[in-house]
>>> print(open('final.csv').read())   # CSV, C-alpha atoms and all ligand atoms
chain,number,residue,atom,x,y,z
W,18,MET,CA,1.8,-34.4,-20.7
W,19,ILE,CA,-0.5,-31.9,-18.9
W,20,ALA,CA,0.7,-32.5,-15.3
W,21,LEU,CA,-1.6,-30.3,-13.3
W,22,THR,CA,-5.0,-31.2,-14.8
W,23,GLY,CA,-7.7,-31.0,-12.0
W,24,LYS,CA,-5.5,-28.9,-9.7
W,25,VAL,CA,-6.3,-25.4,-8.4
W,26,ALA,CA,-3.4,-23.0,-7.9
W,27,LEU,CA,-3.3,-19.7,-6.1
W,28,VAL,CA,-0.5,-17.4,-7.2
W,29,THR,CA,0.4,-14.2,-5.4
W,30,GLY,CA,2.3,-11.4,-7.1
W,31,ALA,CA,0.7,-12.7,-10.2
W,32,ALA,CA,0.5,-9.3,-12.0
W,33,SER,CA,4.3,-9.2,-12.7
W,34,GLY,CA,7.6,-10.9,-13.0
W,35,ILE,CA,8.0,-14.3,-11.3
W,36,GLY,CA,4.4,-14.5,-10.2
W,37,ARG,CA,3.1,-13.7,-13.7
W,38,ALA,CA,5.4,-16.3,-15.3
W,39,SER,CA,4.4,-18.9,-12.6
W,40,ALA,CA,0.7,-18.3,-13.2
W,41,ILE,CA,1.1,-18.7,-17.0
W,42,THR,CA,3.2,-21.9,-16.6
W,43,LEU,CA,0.8,-23.5,-14.1
W,44,ALA,CA,-2.1,-22.7,-16.4
W,45,GLU,CA,-0.3,-24.2,-19.4
W,46,GLN,CA,0.2,-27.3,-17.4
W,47,GLY,CA,-3.6,-27.6,-16.8
W,48,ALA,CA,-4.2,-26.0,-13.4
W,49,ARG,CA,-7.0,-23.6,-12.8
W,50,VAL,CA,-5.3,-20.5,-11.5
W,51,ALA,CA,-6.3,-17.7,-9.1
W,52,LEU,CA,-4.3,-14.6,-9.8
W,53,LEU,CA,-3.8,-12.4,-6.7
W,54,ASP,CA,-2.1,-9.0,-6.7
W,55,LEU,CA,-2.6,-5.3,-5.8
W,56,ASP,CA,-2.2,-4.2,-9.4
W,57,GLU,CA,-5.6,-4.7,-11.0
W,58,GLU,CA,-4.7,-3.4,-14.4
W,59,LYS,CA,-1.7,-5.7,-14.8
W,60,LEU,CA,-3.7,-8.7,-13.3
W,61,GLN,CA,-6.2,-8.2,-16.2
W,62,GLU,CA,-3.4,-8.5,-18.8
W,63,VAL,CA,-2.2,-11.8,-17.2
W,64,LYS,CA,-5.8,-13.1,-17.0
W,65,GLU,CA,-6.3,-12.3,-20.7
W,66,THR,CA,-3.0,-13.9,-21.7
W,67,ILE,CA,-4.0,-17.1,-19.9
W,68,MET,CA,-7.6,-17.2,-21.2
W,69,SER,CA,-6.5,-16.5,-24.8
W,70,SER,CA,-4.5,-19.7,-24.6
W,71,GLY,CA,-7.5,-21.7,-23.4
W,72,GLY,CA,-6.5,-21.6,-19.7
W,73,GLU,CA,-9.0,-21.1,-16.8
W,74,CYS,CA,-8.3,-18.4,-14.3
W,75,ILE,CA,-9.7,-15.7,-12.1
W,76,ALA,CA,-8.1,-12.4,-11.0
W,77,ILE,CA,-8.7,-11.0,-7.5
W,78,LYS,CA,-7.3,-7.7,-6.3
W,79,THR,CA,-5.7,-8.6,-3.0
W,80,ASP,CA,-3.4,-7.0,-0.5
W,81,VAL,CA,-1.5,-10.0,0.8
W,82,SER,CA,-0.2,-8.1,3.8
W,83,ASP,CA,-3.7,-7.7,5.0
W,84,SER,CA,-5.2,-10.7,6.8
W,85,GLU,CA,-8.8,-10.0,5.9
W,86,SER,CA,-8.0,-9.3,2.3
W,87,ILE,CA,-6.1,-12.6,1.7
W,88,LYS,CA,-8.6,-14.6,3.7
W,89,GLU,CA,-11.5,-13.2,1.6
W,90,SER,CA,-9.7,-14.0,-1.6
W,91,ILE,CA,-9.1,-17.6,-0.6
W,92,GLU,CA,-12.7,-18.0,0.4
W,93,THR,CA,-13.7,-16.7,-3.0
W,94,ILE,CA,-11.5,-19.2,-4.8
W,95,SER,CA,-12.8,-22.0,-2.6
W,96,SER,CA,-16.5,-21.1,-3.2
W,97,LEU,CA,-15.8,-21.2,-6.9
W,98,TRP,CA,-13.6,-24.2,-7.3
W,99,SER,CA,-14.1,-26.0,-3.9
W,100,GLN,CA,-10.5,-27.1,-3.6
W,101,LEU,CA,-7.0,-25.7,-3.4
W,102,HIS,CA,-3.8,-27.7,-4.2
W,103,ILE,CA,-1.0,-25.3,-5.1
W,104,ILE,CA,0.1,-22.1,-3.5
W,105,SER,CA,2.8,-20.1,-5.3
W,106,ILE,CA,3.9,-17.1,-3.1
W,107,ASN,CA,5.7,-14.3,-5.0
W,108,ALA,CA,4.2,-11.0,-3.9
W,109,GLY,CA,7.0,-8.8,-2.7
W,110,ILE,CA,8.9,-5.5,-2.7
W,111,ASN,CA,12.5,-4.7,-2.1
W,112,GLY,CA,11.7,-1.6,-0.1
W,113,THR,CA,13.9,1.4,0.5
W,114,PHE,CA,17.6,0.8,0.5
W,115,SER,CA,19.2,2.6,3.4
W,116,SER,CA,21.7,2.2,6.1
W,117,ILE,CA,20.3,0.6,9.3
W,118,GLU,CA,20.9,3.9,11.1
W,119,GLU,CA,18.8,5.8,8.6
W,120,LEU,CA,16.1,3.2,7.9
W,121,SER,CA,12.8,4.3,9.3
W,122,PRO,CA,10.8,1.9,11.4
W,123,GLU,CA,7.9,2.5,8.9
W,124,ASP,CA,10.0,1.4,6.0
W,125,TRP,CA,11.3,-1.7,7.9
W,126,THR,CA,7.7,-2.7,8.8
W,127,LYS,CA,6.4,-2.2,5.3
W,128,THR,CA,9.1,-4.5,3.8
W,129,ILE,CA,8.6,-7.2,6.5
W,130,ASP,CA,4.8,-7.0,6.2
W,131,THR,CA,4.8,-7.2,2.4
W,132,ASN,CA,7.3,-10.0,2.1
W,133,LEU,CA,7.2,-12.1,5.3
W,134,THR,CA,3.9,-11.5,7.2
W,135,SER,CA,2.1,-11.9,3.9
W,136,THR,CA,3.8,-15.3,3.5
W,137,PHE,CA,2.5,-16.4,6.9
W,138,LEU,CA,-1.0,-15.0,6.2
W,139,THR,CA,-1.2,-16.7,2.8
W,140,VAL,CA,-0.2,-20.1,4.2
W,141,LYS,CA,-2.3,-19.7,7.3
W,142,HIS,CA,-5.5,-19.0,5.4
W,143,SER,CA,-4.9,-21.7,2.8
W,144,ILE,CA,-4.4,-24.5,5.3
W,145,PRO,CA,-8.2,-25.2,5.8
W,146,TYR,CA,-8.5,-25.8,2.1
W,147,LEU,CA,-5.3,-27.8,1.6
W,148,LYS,CA,-5.7,-30.1,4.6
W,149,ALA,CA,-8.2,-32.6,3.1
W,150,GLN,CA,-6.2,-33.7,0.1
W,151,GLY,CA,-2.7,-32.3,0.7
W,152,GLY,CA,-0.9,-29.9,-1.6
W,153,SER,CA,2.2,-28.0,-2.4
W,154,ILE,CA,3.3,-24.5,-1.2
W,155,ILE,CA,6.2,-22.8,-3.0
W,156,ILE,CA,7.6,-19.7,-1.3
W,157,THR,CA,9.8,-17.4,-3.4
W,158,SER,CA,12.5,-16.1,-1.1
W,159,SER,CA,15.9,-15.0,-2.5
W,160,ILE,CA,19.6,-15.7,-2.3
W,161,ASN,CA,19.7,-12.5,-0.2
W,162,GLY,CA,18.1,-14.5,2.6
W,163,ASN,CA,21.4,-16.1,3.6
W,164,ARG,CA,24.1,-14.1,1.9
W,165,THR,CA,25.5,-10.7,2.4
W,166,PHE,CA,27.4,-9.9,-0.8
W,167,SER,CA,24.7,-7.8,-2.3
W,168,ASN,CA,22.9,-6.9,0.8
W,169,ILE,CA,24.4,-3.6,1.9
W,170,GLY,CA,21.6,-1.2,2.5
W,171,MET,CA,19.1,-4.1,2.2
W,172,SER,CA,18.7,-5.1,5.8
W,173,ALA,CA,14.9,-5.2,5.8
W,174,TYR,CA,14.7,-7.0,2.5
W,175,SER,CA,17.3,-9.6,3.5
W,176,SER,CA,15.7,-10.1,6.9
W,177,SER,CA,12.3,-10.7,5.2
W,178,LYS,CA,13.8,-13.2,2.8
W,179,ALA,CA,15.7,-15.1,5.7
W,180,GLY,CA,12.4,-15.1,7.6
W,181,GLN,CA,10.7,-16.8,4.6
W,182,MET,CA,13.3,-19.5,4.6
W,183,ALA,CA,12.9,-20.2,8.3
W,184,PHE,CA,9.1,-20.0,8.1
W,185,GLY,CA,9.2,-22.4,5.1
W,186,LYS,CA,11.0,-25.1,7.2
W,187,MET,CA,8.7,-24.7,10.1
W,188,ALA,CA,5.6,-24.9,7.9
W,189,ALA,CA,7.1,-28.0,6.0
W,190,LEU,CA,7.4,-29.8,9.3
W,191,GLU,CA,4.1,-28.8,10.8
W,192,LEU,CA,2.1,-29.4,7.6
W,193,SER,CA,3.7,-32.7,6.7
W,194,THR,CA,0.9,-34.3,8.8
W,195,TYR,CA,-1.6,-33.3,6.2
W,196,GLY,CA,0.5,-34.2,3.2
W,197,ILE,CA,1.2,-30.6,2.4
W,198,ARG,CA,4.7,-30.0,1.1
W,199,VAL,CA,6.4,-26.6,1.6
W,200,ASN,CA,9.5,-25.6,-0.3
W,201,VAL,CA,11.4,-22.4,-0.6
W,202,ILE,CA,13.1,-21.2,-3.8
W,203,CYS,CA,15.9,-18.7,-3.8
W,204,PRO,CA,16.5,-16.9,-7.0
W,205,GLY,CA,19.5,-14.7,-7.8
W,206,ALA,CA,18.9,-11.7,-10.0
W,207,VAL,CA,15.8,-12.2,-12.2
W,208,ASP,CA,14.8,-9.9,-15.0
W,209,THR,CA,11.7,-8.3,-13.5
W,210,ASN,CA,10.3,-5.0,-12.2
W,211,ILE,CA,11.8,-5.6,-8.8
W,212,GLU,CA,15.2,-6.0,-10.3
W,213,SER,CA,14.9,-2.7,-12.3
W,214,ASN,CA,14.0,-1.1,-9.0
W,215,THR,CA,17.2,-2.5,-7.5
W,216,PHE,CA,19.3,-1.0,-10.2
W,217,ARG,CA,17.5,2.4,-9.8
W,218,GLN,CA,18.6,2.3,-6.2
W,219,GLU,CA,22.1,1.1,-7.0
W,220,ASP,CA,23.7,4.5,-6.3
W,221,LYS,CA,22.0,4.4,-2.9
W,222,LEU,CA,23.4,1.0,-2.3
W,223,LYS,CA,26.9,2.2,-3.1
W,224,GLU,CA,26.6,5.3,-1.0
W,225,VAL,CA,25.5,3.3,2.1
W,226,ALA,CA,28.7,1.5,2.9
W,227,ILE,CA,31.4,-0.6,1.2
W,228,PRO,CA,31.4,-0.2,-2.6
W,229,ILE,CA,29.9,-3.3,-4.2
W,230,GLU,CA,29.2,-4.6,-7.6
W,231,TYR,CA,25.6,-5.7,-7.8
W,232,PRO,CA,25.9,-9.1,-9.3
W,233,ASN,CA,23.8,-8.6,-12.5
W,234,GLY,CA,25.7,-10.5,-15.2
W,235,ASN,CA,27.6,-12.3,-12.4
W,236,GLN,CA,25.8,-15.5,-12.9
W,237,PRO,CA,28.6,-17.9,-14.0
W,238,LEU,CA,26.3,-20.2,-16.0
W,239,ALA,CA,25.1,-17.6,-18.4
W,240,LYS,CA,26.4,-14.1,-17.5
W,241,ARG,CA,22.9,-12.7,-17.3
W,242,SER,CA,20.0,-12.5,-14.9
W,243,ALA,CA,17.5,-15.3,-14.9
W,244,LYS,CA,14.3,-15.1,-16.9
W,245,PRO,CA,11.1,-15.2,-14.9
W,246,GLU,CA,10.0,-18.2,-17.0
W,247,GLU,CA,13.1,-20.1,-15.8
W,248,VAL,CA,12.1,-19.6,-12.2
W,249,ALA,CA,8.5,-20.6,-13.1
W,250,ASP,CA,9.8,-23.9,-14.4
W,251,LEU,CA,11.2,-24.7,-10.9
W,252,ILE,CA,7.9,-23.6,-9.3
W,253,PHE,CA,6.1,-26.0,-11.7
W,254,PHE,CA,8.4,-28.8,-10.8
W,255,LEU,CA,7.7,-28.2,-7.0
W,256,ALA,CA,4.0,-28.0,-7.7
W,257,SER,CA,3.9,-31.3,-9.6
W,258,ASP,CA,4.1,-34.9,-8.5
W,259,ALA,CA,7.6,-35.1,-10.0
W,260,SER,CA,8.7,-33.6,-6.6
W,261,LYS,CA,6.3,-35.6,-4.5
W,262,HIS,CA,8.9,-36.6,-1.9
W,263,ILE,CA,10.5,-33.1,-1.6
W,264,THR,CA,9.6,-30.9,1.3
W,265,GLY,CA,11.4,-28.4,3.5
W,266,SER,CA,14.0,-27.8,0.9
W,267,GLU,CA,15.7,-24.5,-0.1
W,268,MET,CA,16.4,-24.5,-3.8
W,269,PHE,CA,18.8,-21.9,-5.3
W,270,ILE,CA,18.0,-20.9,-8.9
W,271,ASP,CA,20.7,-18.3,-9.7
W,272,GLY,CA,23.0,-19.6,-12.5
W,273,GLY,CA,25.7,-20.0,-9.8
W,274,GLU,CA,25.5,-16.4,-8.5
W,275,SER,CA,25.7,-17.6,-4.9
W,276,LEU,CA,28.9,-19.5,-5.6
W,277,LEU,CA,30.8,-16.2,-6.1
O,301,LIG,P1,7.8,-7.8,-9.5
O,301,LIG,O1,7.9,-6.4,-8.9
O,301,LIG,O2,7.9,-8.0,-10.9
O,301,LIG,O3,6.5,-8.5,-8.9
O,301,LIG,C1,6.1,-8.4,-7.6
O,301,LIG,C2,4.5,-8.3,-7.6
O,301,LIG,O4,4.1,-8.3,-6.2
O,301,LIG,C3,4.0,-7.0,-8.2
O,301,LIG,O5,3.0,-7.4,-9.2
O,301,LIG,C4,3.3,-6.3,-7.1
O,301,LIG,O6,2.2,-5.5,-7.4
O,301,LIG,C5,3.0,-7.4,-6.1
O,301,LIG,N1,2.8,-6.9,-4.7
O,301,LIG,C6,3.6,-6.1,-4.0
O,301,LIG,N2,3.0,-5.9,-2.8
O,301,LIG,C7,1.9,-6.6,-2.8
O,301,LIG,C8,0.8,-6.7,-1.8
O,301,LIG,N3,0.9,-6.1,-0.6
O,301,LIG,N4,-0.2,-7.5,-2.1
O,301,LIG,C9,-0.3,-8.1,-3.3
O,301,LIG,N5,0.6,-8.0,-4.3
O,301,LIG,C10,1.7,-7.2,-4.0
O,301,LIG,O7,9.0,-8.6,-8.7
O,301,LIG,P2,9.5,-10.1,-8.9
O,301,LIG,O8,10.9,-10.1,-9.2
O,301,LIG,O9,8.6,-10.9,-9.7
O,301,LIG,O10,9.4,-10.6,-7.4
O,301,LIG,C11,8.7,-11.7,-6.9
O,301,LIG,C12,9.4,-12.3,-5.7
O,301,LIG,O11,10.7,-12.8,-6.2
O,301,LIG,C13,9.6,-11.3,-4.6
O,301,LIG,O12,9.3,-11.9,-3.4
O,301,LIG,C14,11.1,-11.0,-4.7
O,301,LIG,O13,11.7,-10.7,-3.5
O,301,LIG,C15,11.6,-12.4,-5.2
O,301,LIG,N6,12.9,-12.3,-5.9
O,301,LIG,C16,13.1,-11.5,-7.0
O,301,LIG,C17,14.4,-11.4,-7.5
O,301,LIG,C18,14.7,-10.5,-8.7
O,301,LIG,O14,15.8,-10.2,-9.0
O,301,LIG,N7,13.7,-10.1,-9.5
O,301,LIG,C19,15.5,-12.1,-7.0
O,301,LIG,C20,15.2,-12.9,-5.9
O,301,LIG,C21,14.0,-13.0,-5.3
>>> encode(input="final.csv", output="C-alpha cells")
Amino acid sequence: MIALTGKVALVTGAASGIGRASAITLAEQGARVALLDLDEEKLQEVKETIMSSGGECIAIKTDVSDSESIKESIETISSLWSQLHIISINAGINGTFSSIEELSPEDWTKTIDTNLTSTFLTVKHSIPYLKAQGGSIIITSSINGNRTFSNIGMSAYSSSKAGQMAFGKMAALELSTYGIRVNVICPGAVDTNIESNTFRQEDKLKEVAIPIEYPNGNQPLAKRSAKPEEVADLIFFLASDASKHITGSEMFIDGGESLL
C-alpha cells in the first residue's frame, strides 16, 4: 500500500543521514518531498536518487537557522504544490565538545540556533500551510535530551535536544486545535555523519571530565548503531494515518541504549 499518496512532505537535513533516509522513505510511500539542507551538492544526490525511482521531489538550499531562509523555502513549496502535510525536522549539528567552562558563547549559540531555534522556525513558518487540513510534524531530538550518560562535554547539544522535546510538547498541545500532530523521536547512536563526528571528538569527550564509554555498540537489541533507514521507518509511521491518534509523544528508537 502506498500510504502517503497526495501528501506533501518537507524534510530538513535531507542531504544526509536520518533526513536523507526519511526523504527517500516518504517518497517511496508516495509523498511529494521538498528536500531542504545547506549542502547543495549532497541534496542533488538525494534528489536524483528519489527521481530515479519515480518519486517527485524538489531540492532547496536552506539555512534552517535563518528565519527568512526557511520562510522563503516554505513559500516556494507552497507555490508549487499548494499544500503541506508532513514536516520531518532533522537538520542538526553536534557542535564543539567542550567543558562548560571552556565552551565559547559563540559555540553555544551556534548549536542552539542550528538544532533548536531552527525547529521553532520550521514549525512556525509551516503552520499557515498546515492549518487548513491538519498534518504531522516529526522532530528528531535525541536520547541525549534527557540523559547524561554520554553527555559529558555536550552541554549545548544536550540542551538543544532537551529543548526540542519541550518545544514538541508545547507545539502538540497548541496545534491540536488545527488537527496538527507533533511528535518527537529520540534516536540513540545512528550510523551517520554526525555520529562519525562524535567519534572524531571522542578523545575530547574523555578529556573533559569523567572517563566514559561512548555507547556505540551498547545497544542491547543488536550491539550496533541504528541504521538511518530504521529511524526513517518510525518517521514514516508518525507521518502516516497509522499513528493518527498519537501526538505529543516522545519515542525512543535506540535498540535499548537508554536502558543502560
Ligand atoms: P548528518 O550530519 O548526517 O545530517 C545532518 C544534516 O543537517 C546535514 O546534511 C547538514 O548539512 C544539515 N544541516 C546542518 N546545519 C544546517 C542548517 N543550518 N540548515 C540546513 N541544514 C543543516 O546527521 P544525522 O545523524 O542525520 O542528524 C540528524 C538529526 O538526528 C540531528 O538533529 C541529530 O542531532 C539527530 N540525532 C542523530 C544521532 C546519531 O547518532 N546520528 C543520534 C540522535 C539524534
>>> residues_near_ligand(input="final.csv", ligand="ligand LIG 301 (chain O)", cutoff="6 Å", atoms="all atoms listed in the file", output="JSON, numbers by chain")
{"W": [30, 31, 32, 33, 34, 35, 36, 54, 55, 56, 79, 80, 81, 82, 107, 108, 109, 110, 131, 157, 158, 159, 204, 205, 206, 207, 208, 209, 210, 211, 212]}
>>> atom_distance(input="final.csv", atom1="CA of Val140 (chain W)", atom2="CA of Thr66 (chain W)")
26.8 Å
>>> closest_atom_pairs(input="final.csv", of="region 49-114 of chain W", to="region 169-189 of chain W", cutoff="7 Å", atoms="all atoms listed in the file", output="JSON lines")
{"residue": "W:Asn111", "atom": "CA", "partner": "W:Tyr174", "partner_atom": "CA", "distance": 5.6}
{"residue": "W:Gly112", "atom": "CA", "partner": "W:Tyr174", "partner_atom": "CA", "distance": 6.7}
{"residue": "W:Phe114", "atom": "CA", "partner": "W:Gly170", "partner_atom": "CA", "distance": 4.9}
>>> closest_residue(input="final.csv", among="W:Ile144, W:Leu52, W:Cys203, W:Ala44", to="Ile67 (chain W)", atoms="all atoms listed in the file")
W:Ala44
>>> atom_distance(input="final.csv", atom1="CA of Gly152 (chain W)", atom2="CA of Leu101 (chain W)")
7.6 Å
>>> closest_residue(input="final.csv", among="W:Leu21, W:Leu138, W:Leu190, W:Ile202", to="Leu251 (chain W)", atoms="only C-alpha atoms")
W:Ile202
>>> closest_residue(input="final.csv", among="W:Leu27, W:Ala20, W:Ala76, W:Leu97", to="Thr139 (chain W)", atoms="all atoms listed in the file")
W:Leu27
>>> residues_around(input="final.csv", residues="Ser260 (chain W)", least_positions_apart="6", cutoff="10 Å", atoms="only C-alpha atoms", output="VMD selection string")
chain W and resid 153 198 253 to 254
>>> atom_distance(input="final.csv", atom1="CA of Arg49 (chain W)", atom2="CA of Glu191 (chain W)")
26.6 Å
>>> residues_near_point(input="final.csv", point="(18.2, -12.9, -16.8)", cutoff="10 Å", atoms="all atoms listed in the file", output="PyMOL selection string")
chain W and resi 205-209+212+233-234+236+239-247+271-272
>>> closest_residue(input="final.csv", among="W:Gly196, W:Gly47, W:Pro145, W:Gly23", to="Ser95 (chain W)", atoms="only C-alpha atoms")
W:Pro145
>>> residues_near_point(input="final.csv", point="(-9.4, -16.9, -14.9)", cutoff="7 Å", atoms="only C-alpha atoms", output="ChimeraX atom specification")
/W:50-51,64,68,73-76
>>> closest_residue(input="final.csv", among="W:Leu60, W:Ile77, W:Ala256, W:Ile263", to="Ala48 (chain W)", atoms="all atoms listed in the file")
W:Ala256
>>> closest_residue(input="final.csv", among="W:Ile41, W:Leu133, W:Leu192, W:Val28", to="Gln150 (chain W)", atoms="all atoms listed in the file")
W:Leu192
>>> residues_around(input="final.csv", residues="His102 (chain W)", least_positions_apart="6", cutoff="7 Å", atoms="only C-alpha atoms", output="list in words")
Lys24, Val25, Ala26, Leu147, Gly151, Gly152 and Ser153 of chain W
